[in-house]
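Beneath this line is the structure, given in structure tokens, with notes to follow.
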Amino acid sequence: MDITLRLSQQPEADELLSRSPLAAMTGMLLDQQVPMEWAFAGPYTIAQRMGEDDLDAHAIAARDPEEFAALLSQKPAVHRYPGSMAKRVQQLCQYLVDHYDG
């Protein structure tokens, strides 16, 4: 069953959310103190800035925390609080790697 999510109001970002459980989880994590559309566009922005077409829990968890925070802080920032959200996204990915092999 195909599910089409339309949460970011950006076709490319919504396509990623629809096919990637990690992108959907990351969007939910980012959905704090920012407009919903901004939060759910965040996973696509992160993937693009990492030079990928999807998020990879292993790659995010292994990334240098300062480098990952800088990636989320680039203009336009992925979140209102890019540093703290970068840490949370990495913690989520590390948990998925440790307990679910990513």
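Every chain in the structure tokens takes a letter, A first, then B, and so on in the order presented; its residues are numbered from 1, and the ligands are numbered from 1 following the presented order.
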Set the distance at 10 Å and use only C-alpha atoms: which residues neighbour region 15-23 of chain A once local chain neighbours fewer than 2 positions away are removed? I'd like the list as a PDB file with all heavy atoms, in the first residue's frame.
```pdb
ATOM      1  N   ASP A   2       0.713   2.082  -0.981  1.00  0.00           N
ATOM      2  CA  ASP A   2       1.459   3.325  -1.054  1.00  0.00           C
ATOM      3  C   ASP A   2       0.736   4.413  -0.271  1.00  0.00           C
ATOM      4  O   ASP A   2      -0.473   4.561  -0.372  1.00  0.00           O
ATOM      5  CB  ASP A   2       1.617   3.784  -2.502  1.00  0.00           C
ATOM      6  CG  ASP A   2       2.565   2.896  -3.281  1.00  0.00           C
ATOM      7  OD1 ASP A   2       3.443   2.271  -2.662  1.00  0.00           O
ATOM      8  OD2 ASP A   2       2.431   2.837  -4.513  1.00  0.00           O
ATOM      9  N   ILE A   3       1.511   5.140   0.495  1.00  0.00           N
ATOM     10  CA  ILE A   3       0.971   6.252   1.271  1.00  0.00           C
ATOM     11  C   ILE A   3       1.624   7.524   0.759  1.00  0.00           C
ATOM     12  O   ILE A   3       2.838   7.588   0.610  1.00  0.00           O
ATOM     13  CB  ILE A   3       1.262   6.078   2.771  1.00  0.00           C
ATOM     14  CG1 ILE A   3       0.565   4.828   3.294  1.00  0.00           C
ATOM     15  CG2 ILE A   3       0.840   7.309   3.553  1.00  0.00           C
ATOM     16  CD1 ILE A   3       0.923   4.470   4.713  1.00  0.00           C
ATOM     17  N   THR A   4       0.820   8.518   0.488  1.00  0.00           N
ATOM     18  CA  THR A   4       1.338   9.800   0.054  1.00  0.00           C
ATOM     19  C   THR A   4       1.092  10.815   1.152  1.00  0.00           C
ATOM     20  O   THR A   4      -0.049  11.075   1.524  1.00  0.00           O
ATOM     21  CB  THR A   4       0.655  10.261  -1.251  1.00  0.00           C
ATOM     22  OG1 THR A   4       0.861   9.259  -2.245  1.00  0.00           O
ATOM     23  CG2 THR A   4       1.240  11.577  -1.719  1.00  0.00           C
ATOM     24  N   LEU A   5       2.179  11.340   1.688  1.00  0.00           N
ATOM     25  CA  LEU A   5       2.078  12.372   2.716  1.00  0.00           C
ATOM     26  C   LEU A   5       2.242  13.732   2.067  1.00  0.00           C
ATOM     27  O   LEU A   5       3.080  13.901   1.172  1.00  0.00           O
ATOM     28  CB  LEU A   5       3.162  12.169   3.779  1.00  0.00           C
ATOM     29  CG  LEU A   5       3.108  10.847   4.546  1.00  0.00           C
ATOM     30  CD1 LEU A   5       4.303  10.728   5.471  1.00  0.00           C
ATOM     31  CD2 LEU A   5       1.823  10.740   5.330  1.00  0.00           C
ATOM     32  N   ARG A   6       1.477  14.684   2.527  1.00  0.00           N
ATOM     33  CA  ARG A   6       1.589  16.050   2.033  1.00  0.00           C
ATOM     34  C   ARG A   6       1.646  16.973   3.254  1.00  0.00           C
ATOM     35  O   ARG A   6       0.691  17.653   3.585  1.00  0.00           O
ATOM     36  CB  ARG A   6       0.408  16.386   1.133  1.00  0.00           C
ATOM     37  CG  ARG A   6       0.460  15.654  -0.175  1.00  0.00           C
ATOM     38  CD  ARG A   6      -0.638  16.083  -1.130  1.00  0.00           C
ATOM     39  NE  ARG A   6      -0.515  15.410  -2.403  1.00  0.00           N
ATOM     40  CZ  ARG A   6      -1.041  14.216  -2.686  1.00  0.00           C
ATOM     41  NH1 ARG A   6      -1.732  13.569  -1.768  1.00  0.00           N
ATOM     42  NH2 ARG A   6      -0.890  13.689  -3.873  1.00  0.00           N
ATOM     43  N   LEU A   7       2.784  16.938   3.909  1.00  0.00           N
ATOM     44  CA  LEU A   7       2.944  17.696   5.148  1.00  0.00           C
ATOM     45  C   LEU A   7       3.817  18.929   4.978  1.00  0.00           C
ATOM     46  O   LEU A   7       3.650  19.908   5.682  1.00  0.00           O
ATOM     47  CB  LEU A   7       3.525  16.795   6.243  1.00  0.00           C
ATOM     48  CG  LEU A   7       2.672  15.584   6.602  1.00  0.00           C
ATOM     49  CD1 LEU A   7       3.441  14.633   7.508  1.00  0.00           C
ATOM     50  CD2 LEU A   7       1.383  16.029   7.257  1.00  0.00           C
ATOM     51  N   SER A   8       4.763  18.869   4.051  1.00  0.00           N
ATOM     52  CA  SER A   8       5.690  19.989   3.895  1.00  0.00           C
ATOM     53  C   SER A   8       5.203  20.990   2.851  1.00  0.00           C
ATOM     54  O   SER A   8       5.709  22.106   2.800  1.00  0.00           O
ATOM     55  CB  SER A   8       7.074  19.480   3.485  1.00  0.00           C
ATOM     56  OG  SER A   8       7.069  19.065   2.135  1.00  0.00           O
ATOM     57  N   GLN A  10       5.904  20.772  -0.161  1.00  0.00           N
ATOM     58  CA  GLN A  10       6.957  20.792  -1.178  1.00  0.00           C
ATOM     59  C   GLN A  10       6.985  19.393  -1.801  1.00  0.00           C
ATOM     60  O   GLN A  10       7.246  18.427  -1.086  1.00  0.00           O
ATOM     61  CB  GLN A  10       8.311  21.115  -0.562  1.00  0.00           C
ATOM     62  CG  GLN A  10       8.413  22.487   0.050  1.00  0.00           C
ATOM     63  CD  GLN A  10       9.775  22.707   0.690  1.00  0.00           C
ATOM     64  OE1 GLN A  10      10.749  22.043   0.374  1.00  0.00           O
ATOM     65  NE2 GLN A  10       9.831  23.654   1.613  1.00  0.00           N
ATOM     66  N   PRO A  11       6.726  19.253  -3.082  1.00  0.00           N
ATOM     67  CA  PRO A  11       6.612  17.920  -3.686  1.00  0.00           C
ATOM     68  C   PRO A  11       7.798  16.989  -3.411  1.00  0.00           C
ATOM     69  O   PRO A  11       7.601  15.820  -3.081  1.00  0.00           O
ATOM     70  CB  PRO A  11       6.469  18.214  -5.182  1.00  0.00           C
ATOM     71  CG  PRO A  11       5.894  19.587  -5.237  1.00  0.00           C
ATOM     72  CD  PRO A  11       6.474  20.320  -4.052  1.00  0.00           C
ATOM     73  N   GLU A  12       9.025  17.481  -3.527  1.00  0.00           N
ATOM     74  CA  GLU A  12      10.202  16.628  -3.316  1.00  0.00           C
ATOM     75  C   GLU A  12      10.300  16.189  -1.864  1.00  0.00           C
ATOM     76  O   GLU A  12      10.623  15.033  -1.569  1.00  0.00           O
ATOM     77  CB  GLU A  12      11.490  17.353  -3.726  1.00  0.00           C
ATOM     78  CG  GLU A  12      11.540  17.747  -5.183  1.00  0.00           C
ATOM     79  CD  GLU A  12      10.904  19.112  -5.457  1.00  0.00           C
ATOM     80  OE1 GLU A  12      10.416  19.769  -4.519  1.00  0.00           O
ATOM     81  OE2 GLU A  12      10.894  19.506  -6.635  1.00  0.00           O
ATOM     82  N   ALA A  13      10.049  17.103  -0.944  1.00  0.00           N
ATOM     83  CA  ALA A  13      10.109  16.772   0.481  1.00  0.00           C
ATOM     84  C   ALA A  13       8.988  15.813   0.858  1.00  0.00           C
ATOM     85  O   ALA A  13       9.211  14.860   1.621  1.00  0.00           O
ATOM     86  CB  ALA A  13      10.033  18.045   1.323  1.00  0.00           C
ATOM     87  N   MET A  25       9.962  10.108  10.703  1.00  0.00           N
ATOM     88  CA  MET A  25      10.284  10.219  12.136  1.00  0.00           C
ATOM     89  C   MET A  25      11.063  11.504  12.423  1.00  0.00           C
ATOM     90  O   MET A  25      10.812  12.163  13.429  1.00  0.00           O
ATOM     91  CB  MET A  25      11.101   9.008  12.587  1.00  0.00           C
ATOM     92  CG  MET A  25      10.299   7.736  12.683  1.00  0.00           C
ATOM     93  SD  MET A  25      11.299   6.327  13.203  1.00  0.00           S
ATOM     94  CE  MET A  25      11.683   6.804  14.881  1.00  0.00           C
ATOM     95  N   THR A  26      11.993  11.828  11.548  1.00  0.00           N
ATOM     96  CA  THR A  26      12.788  13.045  11.736  1.00  0.00           C
ATOM     97  C   THR A  26      11.895  14.273  11.634  1.00  0.00           C
ATOM     98  O   THR A  26      12.042  15.215  12.415  1.00  0.00           O
ATOM     99  CB  THR A  26      13.936  13.094  10.709  1.00  0.00           C
ATOM    100  OG1 THR A  26      14.754  11.924  10.875  1.00  0.00           O
ATOM    101  CG2 THR A  26      14.780  14.335  10.893  1.00  0.00           C
ATOM    102  N   GLY A  27      10.970  14.272  10.707  1.00  0.00           N
ATOM    103  CA  GLY A  27      10.022  15.377  10.606  1.00  0.00           C
ATOM    104  C   GLY A  27       9.207  15.548  11.873  1.00  0.00           C
ATOM    105  O   GLY A  27       8.999  16.664  12.351  1.00  0.00           O
ATOM    106  N   MET A  28       8.770  14.415  12.439  1.00  0.00           N
ATOM    107  CA  MET A  28       8.011  14.489  13.696  1.00  0.00           C
ATOM    108  C   MET A  28       8.874  15.043  14.827  1.00  0.00           C
ATOM    109  O   MET A  28       8.400  15.816  15.652  1.00  0.00           O
ATOM    110  CB  MET A  28       7.464  13.112  14.066  1.00  0.00           C
ATOM    111  CG  MET A  28       6.310  12.682  13.194  1.00  0.00           C
ATOM    112  SD  MET A  28       5.622  11.115  13.717  1.00  0.00           S
ATOM    113  CE  MET A  28       6.315  10.050  12.479  1.00  0.00           C
ATOM    114  N   LEU A  29      10.132  14.654  14.838  1.00  0.00           N
ATOM    115  CA  LEU A  29      11.050  15.164  15.858  1.00  0.00           C
ATOM    116  C   LEU A  29      11.251  16.669  15.704  1.00  0.00           C
ATOM    117  O   LEU A  29      11.292  17.406  16.700  1.00  0.00           O
ATOM    118  CB  LEU A  29      12.393  14.436  15.749  1.00  0.00           C
ATOM    119  CG  LEU A  29      13.473  14.851  16.738  1.00  0.00           C
ATOM    120  CD1 LEU A  29      13.100  14.405  18.146  1.00  0.00           C
ATOM    121  CD2 LEU A  29      14.809  14.247  16.334  1.00  0.00           C
ATOM    122  N   PHE A  40       8.546  19.405   8.497  1.00  0.00           N
ATOM    123  CA  PHE A  40       8.517  18.230   7.641  1.00  0.00           C
ATOM    124  C   PHE A  40       9.284  18.421   6.335  1.00  0.00           C
ATOM    125  O   PHE A  40       9.530  17.448   5.615  1.00  0.00           O
ATOM    126  CB  PHE A  40       7.079  17.778   7.402  1.00  0.00           C
ATOM    127  CG  PHE A  40       6.527  17.025   8.583  1.00  0.00           C
ATOM    128  CD1 PHE A  40       5.778  17.677   9.558  1.00  0.00           C
ATOM    129  CD2 PHE A  40       6.802  15.682   8.751  1.00  0.00           C
ATOM    130  CE1 PHE A  40       5.299  16.995  10.667  1.00  0.00           C
ATOM    131  CE2 PHE A  40       6.331  14.984   9.858  1.00  0.00           C
ATOM    132  CZ  PHE A  40       5.571  15.645  10.822  1.00  0.00           C
ATOM    133  N   ALA A  41       9.704  19.628   6.028  1.00  0.00           N
ATOM    134  CA  ALA A  41      10.637  19.856   4.916  1.00  0.00           C
ATOM    135  C   ALA A  41      12.076  19.609   5.378  1.00  0.00           C
ATOM    136  O   ALA A  41      12.966  19.389   4.557  1.00  0.00           O
ATOM    137  CB  ALA A  41      10.499  21.279   4.386  1.00  0.00           C
ATOM    138  N   GLY A  42      12.299  19.606   6.686  1.00  0.00           N
ATOM    139  CA  GLY A  42      13.639  19.444   7.247  1.00  0.00           C
ATOM    140  C   GLY A  42      14.368  18.179   6.809  1.00  0.00           C
ATOM    141  O   GLY A  42      15.548  18.250   6.442  1.00  0.00           O
ATOM    142  N   PRO A  43      13.737  17.006   6.833  1.00  0.00           N
ATOM    143  CA  PRO A  43      14.445  15.795   6.401  1.00  0.00           C
ATOM    144  C   PRO A  43      14.971  15.887   4.967  1.00  0.00           C
ATOM    145  O   PRO A  43      16.082  15.450   4.675  1.00  0.00           O
ATOM    146  CB  PRO A  43      13.390  14.697   6.544  1.00  0.00           C
ATOM    147  CG  PRO A  43      12.480  15.208   7.616  1.00  0.00           C
ATOM    148  CD  PRO A  43      12.426  16.697   7.396  1.00  0.00           C
ATOM    149  N   TYR A  44      14.179  16.468   4.081  1.00  0.00           N
ATOM    150  CA  TYR A  44      14.621  16.631   2.694  1.00  0.00           C
ATOM    151  C   TYR A  44      15.826  17.571   2.633  1.00  0.00           C
ATOM    152  O   TYR A  44      16.806  17.292   1.935  1.00  0.00           O
ATOM    153  CB  TYR A  44      13.473  17.167   1.830  1.00  0.00           C
ATOM    154  CG  TYR A  44      13.858  17.413   0.401  1.00  0.00           C
ATOM    155  CD1 TYR A  44      14.019  16.342  -0.482  1.00  0.00           C
ATOM    156  CD2 TYR A  44      14.074  18.697  -0.075  1.00  0.00           C
ATOM    157  CE1 TYR A  44      14.379  16.559  -1.801  1.00  0.00           C
ATOM    158  CE2 TYR A  44      14.430  18.928  -1.385  1.00  0.00           C
ATOM    159  CZ  TYR A  44      14.591  17.850  -2.249  1.00  0.00           C
ATOM    160  OH  TYR A  44      14.949  18.075  -3.563  1.00  0.00           O
ATOM    161  N   ILE A  46      18.002  18.157   4.997  1.00  0.00           N
ATOM    162  CA  ILE A  46      19.160  17.443   5.557  1.00  0.00           C
ATOM    163  C   ILE A  46      19.740  16.489   4.517  1.00  0.00           C
ATOM    164  O   ILE A  46      20.959  16.469   4.288  1.00  0.00           O
ATOM    165  CB  ILE A  46      18.767  16.683   6.840  1.00  0.00           C
ATOM    166  CG1 ILE A  46      18.397  17.665   7.954  1.00  0.00           C
ATOM    167  CG2 ILE A  46      19.915  15.772   7.297  1.00  0.00           C
ATOM    168  CD1 ILE A  46      17.722  17.022   9.164  1.00  0.00           C
ATOM    169  N   ALA A  47      18.898  15.695   3.875  1.00  0.00           N
ATOM    170  CA  ALA A  47      19.369  14.749   2.858  1.00  0.00           C
ATOM    171  C   ALA A  47      20.098  15.478   1.733  1.00  0.00           C
ATOM    172  O   ALA A  47      21.183  15.055   1.311  1.00  0.00           O
ATOM    173  CB  ALA A  47      18.204  13.927   2.313  1.00  0.00           C
ATOM    174  N   ASP A  53      19.786  11.266  -1.471  1.00  0.00           N
ATOM    175  CA  ASP A  53      18.366  11.379  -1.799  1.00  0.00           C
ATOM    176  C   ASP A  53      17.482  10.776  -0.714  1.00  0.00           C
ATOM    177  O   ASP A  53      16.267  10.690  -0.865  1.00  0.00           O
ATOM    178  CB  ASP A  53      18.055  10.761  -3.161  1.00  0.00           C
ATOM    179  CG  ASP A  53      18.268   9.252  -3.189  1.00  0.00           C
ATOM    180  OD1 ASP A  53      18.839   8.708  -2.226  1.00  0.00           O
ATOM    181  OD2 ASP A  53      17.862   8.619  -4.178  1.00  0.00           O
ATOM    182  N   ASP A  54      18.106  10.334   0.389  1.00  0.00           N
ATOM    183  CA  ASP A  54      17.377   9.773   1.524  1.00  0.00           C
ATOM    184  C   ASP A  54      18.231   9.973   2.770  1.00  0.00           C
ATOM    185  O   ASP A  54      19.423  10.284   2.672  1.00  0.00           O
ATOM    186  CB  ASP A  54      17.109   8.281   1.305  1.00  0.00           C
ATOM    187  CG  ASP A  54      15.995   7.728   2.198  1.00  0.00           C
ATOM    188  OD1 ASP A  54      15.517   8.462   3.093  1.00  0.00           O
ATOM    189  OD2 ASP A  54      15.609   6.571   1.984  1.00  0.00           O
ATOM    190  N   LEU A  55      17.631   9.791   3.920  1.00  0.00           N
ATOM    191  CA  LEU A  55      18.380   9.853   5.169  1.00  0.00           C
ATOM    192  C   LEU A  55      18.891   8.462   5.506  1.00  0.00           C
ATOM    193  O   LEU A  55      18.212   7.468   5.258  1.00  0.00           O
ATOM    194  CB  LEU A  55      17.484  10.361   6.304  1.00  0.00           C
ATOM    195  CG  LEU A  55      16.921  11.766   6.162  1.00  0.00           C
ATOM    196  CD1 LEU A  55      16.080  12.109   7.392  1.00  0.00           C
ATOM    197  CD2 LEU A  55      18.026  12.789   5.981  1.00  0.00           C
ATOM    198  N   ASP A  56      20.073   8.395   6.088  1.00  0.00           N
ATOM    199  CA  ASP A  56      20.678   7.134   6.502  1.00  0.00           C
ATOM    200  C   ASP A  56      21.049   7.265   7.972  1.00  0.00           C
ATOM    201  O   ASP A  56      21.886   8.099   8.328  1.00  0.00           O
ATOM    202  CB  ASP A  56      21.906   6.847   5.650  1.00  0.00           C
ATOM    203  CG  ASP A  56      22.565   5.544   6.023  1.00  0.00           C
ATOM    204  OD1 ASP A  56      23.137   5.460   7.138  1.00  0.00           O
ATOM    205  OD2 ASP A  56      22.527   4.607   5.216  1.00  0.00           O
ATOM    206  N   ALA A  57      20.415   6.462   8.812  1.00  0.00           N
ATOM    207  CA  ALA A  57      20.644   6.555  10.253  1.00  0.00           C
ATOM    208  C   ALA A  57      22.107   6.326  10.604  1.00  0.00           C
ATOM    209  O   ALA A  57      22.657   7.014  11.467  1.00  0.00           O
ATOM    210  CB  ALA A  57      19.755   5.563  10.999  1.00  0.00           C
ATOM    211  N   LEU A  92      18.442  10.250  17.908  1.00  0.00           N
ATOM    212  CA  LEU A  92      17.440   9.361  17.321  1.00  0.00           C
ATOM    213  C   LEU A  92      18.112   8.336  16.418  1.00  0.00           C
ATOM    214  O   LEU A  92      17.848   7.136  16.518  1.00  0.00           O
ATOM    215  CB  LEU A  92      16.401  10.167  16.529  1.00  0.00           C
ATOM    216  CG  LEU A  92      15.452   9.367  15.636  1.00  0.00           C
ATOM    217  CD1 LEU A  92      14.534   8.474  16.464  1.00  0.00           C
ATOM    218  CD2 LEU A  92      14.648  10.299  14.744  1.00  0.00           C
ATOM    219  N   CYS A  93      18.986   8.798  15.539  1.00  0.00           N
ATOM    220  CA  CYS A  93      19.652   7.898  14.609  1.00  0.00           C
ATOM    221  C   CYS A  93      20.556   6.910  15.340  1.00  0.00           C
ATOM    222  O   CYS A  93      20.603   5.726  14.975  1.00  0.00           O
ATOM    223  CB  CYS A  93      20.427   8.695  13.564  1.00  0.00           C
ATOM    224  SG  CYS A  93      19.330   9.549  12.404  1.00  0.00           S
ATOM    225  N   LEU A  96      18.400   4.216  16.749  1.00  0.00           N
ATOM    226  CA  LEU A  96      17.954   3.291  15.696  1.00  0.00           C
ATOM    227  C   LEU A  96      19.075   2.356  15.269  1.00  0.00           C
ATOM    228  O   LEU A  96      18.840   1.173  15.017  1.00  0.00           O
ATOM    229  CB  LEU A  96      17.418   4.076  14.499  1.00  0.00           C
ATOM    230  CG  LEU A  96      16.142   4.866  14.754  1.00  0.00           C
ATOM    231  CD1 LEU A  96      15.804   5.738  13.550  1.00  0.00           C
ATOM    232  CD2 LEU A  96      14.985   3.938  15.091  1.00  0.00           C
ATOM    233  N   GLY A 102      19.712   0.465  12.455  1.00  0.00           N
ATOM    234  CA  GLY A 102      19.495   1.610  11.595  1.00  0.00           C
ATOM    235  C   GLY A 102      18.108   1.649  11.019  1.00  0.00           C
ATOM    236  O   GLY A 102      17.734   2.472  10.268  1.00  0.00           O
TER     237      GLY A 102
END
```
Hey, what's within 12 Å of Arg80 (chain A) if we count only C-alpha atoms and toss same-chain stuff fewer than 4 positions away? As JSON, numbers by chain, please?
{"A": [30, 31, 32, 33, 34, 35, 38, 39, 42, 72, 73, 74, 75, 76, 84, 85, 86]}
Nearest to Gln91 (chain A) by atom-to-atom distance, counting only C-alpha atoms, from A:Met50, A:Ala61, A:Met36, A:Val78
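Smallest separation from Gln91 (chain A) among the options: A:Ala61.
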For CA of Gln48 (chain A) and CA of Phe68 (chain A), determine how far apart the two atoms are, in Å to one decimal place.
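Rounded to one decimal, the two atoms are 13.0 Å apart.
We find CA of Ala69 (chain A) and CA of Thr45 (chain A) to be spaced 13.2 Å apart.
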Could you write out, as a ChimeraX atom specification, all the residues of chain A that DSSP marks as alpha helix (DSSP H)?
/A:11-19,21-30,36-49,57-62,65-73,82-100
Could you tell me how far CA of Asp14 (chain A) sits from CA of Gln94 (chain A), in Å to one decimal place?
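Rounded to one decimal, the two atoms are 24.2 Å apart.
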Nearest to Ile60 (chain A): which of A:Gln9, A:Asp98, A:Pro82, A:Val89 is it, counting only C-alpha atoms?
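Residue with the minimum atom-to-atom distance to Ile60 (chain A): A:Val89.
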Between A:Asp64, A:His58, A:Tyr95, A:Ala70, which has the minimum distance to Gly83 (chain A) (counting only C-alpha atoms)?
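Using only C-alpha atoms, the shortest distance to Gly83 (chain A) belongs to A:Ala70.
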